[in-house]
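Asker: Input structure: my_file_36.txt, which contains compact mmCIF, C-alpha atoms.
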# COMPACT_ATOMS: atom_id res chain seq x y z
CA MET A 1 149.11 59.90 32.49
CA PHE A 2 151.89 59.92 35.03
CA ASP A 3 154.85 60.39 32.73
CA LEU A 4 156.70 62.58 35.19
CA PHE A 5 156.53 60.23 38.15
CA SER A 6 156.88 56.51 38.48
CA TRP A 7 154.65 54.53 40.82
CA SER A 8 157.35 54.53 43.48
CA HIS A 9 157.52 58.35 43.38
CA ILE A 10 153.74 58.60 43.73
CA LEU A 11 153.78 56.20 46.70
CA ILE A 12 156.48 58.31 48.41
CA LEU A 13 154.47 61.52 47.83
CA LEU A 14 151.31 59.93 49.29
CA THR A 15 153.23 58.75 52.34
CA VAL A 16 154.74 62.21 52.91
CA ALA A 17 151.30 63.82 52.46
CA LEU A 18 149.79 61.39 54.99
CA VAL A 19 152.52 62.21 57.53
CA VAL A 20 152.51 66.01 56.93
CA VAL A 21 148.75 66.60 56.58
CA GLY A 22 147.57 63.82 58.79
CA PRO A 23 144.93 61.15 58.29
CA LYS A 24 142.12 63.49 59.40
CA ASP A 25 142.67 66.18 56.70
CA LEU A 26 143.98 63.91 53.90
CA PRO A 27 140.52 63.26 52.32
CA ARG A 28 139.82 67.00 52.22
CA LEU A 29 143.25 67.63 50.63
CA MET A 30 142.61 64.92 48.00
CA ASN A 31 139.18 66.46 47.27
CA ILE A 32 140.74 69.90 46.73
CA ALA A 33 143.54 68.39 44.58
CA GLY A 34 140.90 66.54 42.50
CA ARG A 35 138.93 69.75 41.93
CA TRP A 36 142.09 71.56 40.81
CA ALA A 37 142.93 68.70 38.45
CA GLY A 38 139.36 68.83 37.08
CA LYS A 39 139.54 72.59 36.54
CA ALA A 40 142.92 72.24 34.82
CA ARG A 41 141.51 69.48 32.58
CA ASN A 42 138.46 71.62 31.71
CA MET A 43 140.66 74.60 30.88
CA ALA A 44 142.87 72.42 28.67
CA ASN A 45 139.80 71.01 26.87
CA GLU A 46 138.37 74.52 26.36
CA PHE A 47 141.72 75.71 25.00
CA LYS A 48 141.85 72.74 22.62
CA ARG A 49 138.23 73.31 21.56
CA SER A 50 138.94 76.99 20.76
CA PHE A 51 141.88 76.01 18.55
CA ASP A 52 139.71 73.42 16.80
CA ASP A 53 137.03 76.07 16.22
CA MET A 54 139.57 78.49 14.78
CA ALA A 55 140.93 75.78 12.44
CA ARG A 56 137.40 74.85 11.38
CA GLN A 57 136.56 78.52 10.76
CA SER A 58 139.63 79.05 8.60
CA GLU A 59 138.73 75.94 6.57
CA LEU A 60 135.19 77.27 6.12
CA ASP A 61 136.55 80.64 4.99
CA GLU A 62 138.74 78.90 2.42
CA LEU A 63 135.77 76.86 1.19
CA ARG A 64 133.60 79.98 0.94
CA ALA A 65 136.26 81.73 -1.11
CA GLU A 66 136.55 78.72 -3.41
CA VAL A 67 132.76 78.55 -3.87
CA GLU A 68 132.61 82.26 -4.70
CA LYS A 69 135.44 81.80 -7.17
CA LEU A 70 133.57 78.93 -8.83
CA ARG A 71 130.35 80.95 -8.93
CA ALA A 72 132.15 83.80 -10.63
CA ALA A 73 133.76 81.50 -13.19
CA ASP A 74 130.52 79.55 -13.83
CA PRO A 75 132.15 76.53 -15.54
CA VAL A 76 128.79 74.76 -15.97
CA ALA A 77 127.42 77.51 -18.22
CA ASP A 78 130.57 77.44 -20.35
CA LEU A 79 130.30 73.67 -20.63
CA SER A 80 126.62 73.80 -21.61
CA ARG A 81 127.35 76.42 -24.31
CA ASP A 82 130.14 74.24 -25.70
CA ILE A 83 127.84 71.22 -25.74
CA GLU A 84 125.10 73.20 -27.50
CA ARG A 85 127.53 74.43 -30.13
CA THR A 86 128.82 70.93 -30.69
CA LEU A 87 125.38 69.35 -30.96
CA ASN A 88 123.72 72.11 -33.01
CA PRO A 89 126.43 73.85 -35.08
CA VAL A 90 124.08 74.96 -37.88
CA ASP A 91 121.45 76.36 -35.52
CA THR A 92 124.08 78.09 -33.44
CA GLU A 93 125.78 79.66 -36.46
CA ALA A 94 122.44 80.81 -37.88
CA ALA A 95 121.43 82.34 -34.56
CA GLU A 96 124.80 84.06 -34.23
CA ALA A 97 124.52 85.44 -37.78
CA ARG A 98 120.99 86.73 -37.09
CA ALA A 99 122.12 88.28 -33.84
CA ALA A 100 125.10 89.91 -35.55
CA ALA A 101 122.87 91.35 -38.27
CA ASP A 102 120.16 92.57 -35.88
CA GLY A 103 122.29 93.58 -32.97
CA THR A 104 124.90 95.97 -34.36
CA ALA A 105 123.16 99.00 -32.86
CA GLU A 106 122.33 97.10 -29.68
CA ALA A 107 125.92 95.91 -29.39
CA ASP A 108 127.18 99.49 -29.75
CA ALA A 109 124.80 100.62 -26.98
CA ALA A 110 125.82 97.69 -24.78
CA ALA A 111 129.50 98.44 -25.38
CA ALA A 112 128.92 102.05 -24.34
CA GLU A 113 127.28 100.88 -21.10
CA ALA A 114 129.94 98.30 -20.28
CA PRO A 115 132.12 99.28 -17.30
CA ALA A 116 135.77 100.04 -17.84
CA PRO A 117 138.08 97.07 -17.31
CA ARG A 118 139.71 96.79 -13.91
CA SER A 119 143.44 96.91 -13.42
CA GLY A 120 145.13 93.96 -15.10
CA GLU A 121 142.10 93.09 -17.27
CA TYR A 122 141.62 93.51 -20.98
CA GLN A 123 138.45 94.77 -22.57
CA ILE A 124 137.15 92.22 -25.02
CA SER A 125 135.53 93.56 -28.14
CA GLU A 126 133.02 91.40 -29.92
CA THR A 127 133.13 93.51 -33.09
CA PRO A 128 134.91 91.84 -36.00
CA ALA A 129 138.14 93.40 -37.14
CA ASP A 130 136.74 94.34 -40.58
CA ALA A 131 133.64 96.08 -39.16
CA PRO A 132 133.48 99.87 -39.54
CA HIS A 133 134.40 101.88 -36.48
CA LEU A 134 132.05 104.45 -34.97
CA ASP A 135 134.34 107.42 -35.67
CA GLU A 136 134.60 106.61 -39.41
CA PRO A 137 131.93 107.91 -41.80
CA PRO A 138 129.85 105.21 -43.51
CA ALA A 139 131.31 104.00 -46.77
CA GLU A 140 129.61 105.22 -49.97
CA PRO A 141 128.05 102.43 -52.00
CA SER A 142 130.02 101.71 -55.13
CA GLU A 143 128.23 101.89 -58.45
CA THR A 144 130.10 98.88 -59.80
CA ASN A 145 128.30 96.55 -57.41
CA PRO A 146 124.79 95.85 -58.78
CA HIS A 147 123.60 94.50 -55.42
CA SER A 148 124.33 97.65 -53.48
CA GLN A 149 121.45 99.97 -52.70
CA THR A 150 121.61 103.58 -53.79
CA ALA A 151 119.65 106.56 -52.55
CA SER A 152 117.67 106.82 -55.79
CA GLN A 153 116.23 103.31 -55.63
Could you show the structure in this file as C-alpha cells?
Answerer:
Amino acid sequence: MFDLFSWSHILILLTVALVVVGPKDLPRLMNIAGRWAGKARNMANEFKRSFDDMARQSELDELRAEVEKLRAADPVADLSRDIERTLNPVDTEAAEARAAADGTAEADAAAAEAPAPRSGEYQISETPADAPHLDEPPAEPSETNPHSQTASQ
C-alpha cells in the first residue's frame, strides 16, 4: 500500500505533522485525511466499476450479434433436413417429385414474389436447367411419341 514511502519516511512525516499541527488538532487532521483517502478510494472503485461495466456490455453486444447470426443461419434446421434425407431417401425423393409436379405454377408465383437479392448475393433458382422458361412458348407435342396428349384426344 505504501510503495512510495518506507516506514521511516512515514514516521518522519507523522513527527513533522505532530510538531507543525500540534497534538490538539492532530486527530482532526487525521480524520480529514482519512475522509479524503476514503473518497479517493470510492472514486477509484467507481471508475474501475464503470470500466468493468463497459467491458461487460461490449461482451454482451458481441454475444448478441453471434446469437443473431446463428439464428439467421439456423444450423439445426439444416442438420435435421440432412438427417431426414439420410434416413428416408425414398420418401424424401417421392415427396420432392410430387412437389415438383404439383408446384410448378406455385413455384413461379413464389419466384415472382421473392425479393431481389441484396448486394453481393446471388439469386438461387430452384428450376431445373432443362425446364421451359416463362418467355418461351410451350412446346408442341410431337406425333411420334404415342404417350403425348394431343388436343383431339
Asker: How many Å lie between atom CA of Asn88 of chain A and atom CA of Arg71 of chain A, rounded to one decimal?
Answerer: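 Atom CA of Arg71 of chain A lies at a distance of 26.5 Å from atom CA of Asn88 of chain A.
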Asker: Between atom CA of Phe5 of chain A and atom CA of Ala37 of chain A, what is the distance in Å, rounded to a tenth?
Answerer: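 Between atom CA of Phe5 of chain A and atom CA of Ala37 of chain A the gap works out to 16.0 Å.
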Asker: Mind giving me the straight-line distance from atom CA of Arg56 of chain A to atom CA of Val76 of chain A in Å, one decimal?
Answerer: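 According to the coordinates, atom CA of Arg56 of chain A and atom CA of Val76 of chain A are separated by 28.7 Å.
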